[in-house]
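Student: Handing you this structure, nothing more for now.
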Amino acid sequence: MKLSVSRKVHYESGPNMTPLVDVVMVILIFLMMAGSFGGAEHFLTSTIPLKQKGVGGVQMAAGFVPDEPLDIRVDSRGDGFEAQAGRIRVTSAAALQTQLTTMRKQFEQANTGVEKIQVVISPGKGTKYDHLIKVYEAALGAGFKKVAFATSHE
């Protein structure tokens, strides 16, 4: 006697979807990776005009006086930073802002307007981005209008 269990089971499942799922997953992973790299770029705006150097530089008018540079060197020290501007050497953003405010007032007493001072922040090798932002905010908080970044001073 034959049992009905011994019959062959045959499923009609349609086309094989495995290759389609594989291709869709590869495209999805590619788009996720490409999208995450594009969003990590941030820029700080600066109002300092570009300096032209070399033979093809911009010709300046007679009597043009370039802006006075104020260089701030920033180095990482452990968890904090050290900023040096001339004879000023500080390790906190609040102290730097106080010193820069005093310096700005001295410039104003010497008839050098704030619009004629260029604050240039020069990071040391390995300086953390967070420290540069604190120095940048301290310079803006002290009342300087032209603040920019330079390449590493090392």
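Going through the structure tokens in order, the chains are called A, B, and so on, while each chain numbers its residues from 1 and the ligands are numbered from 1 in the order shown.
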Could you name the residues that touch Phe149 of chain A at 7 Å or less, counting only C-alpha atoms, but leaving out those on the same chain fewer than 2 positions away, as JSON, numbers by chain?
Tutor: {"A": [120, 121, 122, 151]}
Student: Output N, CA and C atoms of each residue in that selection to a file, as a compact mmCIF listing (two decimals), in the first residue's frame.
Tutor:
# COMPACT_ATOMS: atom_id res chain seq x y z
N VAL A 120 45.34 86.54 13.20
CA VAL A 120 45.65 85.30 12.48
C VAL A 120 45.97 84.22 13.51
N ILE A 121 45.17 83.16 13.52
CA ILE A 121 45.35 82.07 14.47
C ILE A 121 46.18 80.98 13.79
N SER A 122 47.36 80.68 14.37
CA SER A 122 48.27 79.67 13.81
C SER A 122 48.30 78.46 14.73
N THR A 151 48.23 78.36 8.34
CA THR A 151 48.71 76.98 8.39
C THR A 151 49.53 76.80 9.66
Student: Within segment 112-147 of chain A, find each residue whose DSSP state, derived from the backbone, is helix (DSSP H, G or I), and express the selection as a PyMOL selection string.
Tutor: chain A and resi 114-116+129-141
Student: Rank A:Gln99, A:Asp67, A:His131, A:Gln106 by their smallest atom-to-atom distance to Phe81 of chain A, using only C-alpha atoms, and report the top residue only.
Tutor: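 Nearest candidate to Phe81 of chain A out of A:Gln99, A:Asp67, A:His131, A:Gln106: A:His131.
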Student: Quick check, in Å to one decimal: how far apart do atom CA of Ala139 of chain A and atom CA of Ala93 of chain A lie?
Tutor: 9.2 Å
Student: Neighbours of Ala142 of chain A within 7 Å (only C-alpha atoms; same-chain residues fewer than 2 positions away dropped), as a count of residues only?
Tutor: 7
Student: Would you please work out which residue, of A:Ala83, A:Ile88, A:Ala150, A:Leu70, is nearest to Lys116 of chain A when using only C-alpha atoms?
Tutor: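 Smallest distance to Lys116 of chain A is found for A:Leu70.
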Student: At what distance in Å, to one decimal, does atom CA of Asp75 of chain A lie from atom CA of Lys128 of chain A?
Tutor: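 Rounded to one decimal, the two atoms are 8.5 Å apart.
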Student: From the set A:Val119, A:Val23, A:Met32, A:Glu12, which residue has the shortest atom-to-atom contact distance to Met103 of chain A, counting only C-alpha atoms?
Tutor: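 Between A:Val119, A:Val23, A:Met32, A:Glu12, the residue approaching Met103 of chain A most closely is A:Val119.
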Student: Please measure the separation of atom CA of Leu132 of chain A and atom CA of Ser76 of chain A, giving the value in Å to one decimal.
Tutor: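 Atom-to-atom, atom CA of Leu132 of chain A to atom CA of Ser76 of chain A, that is 9.6 Å.
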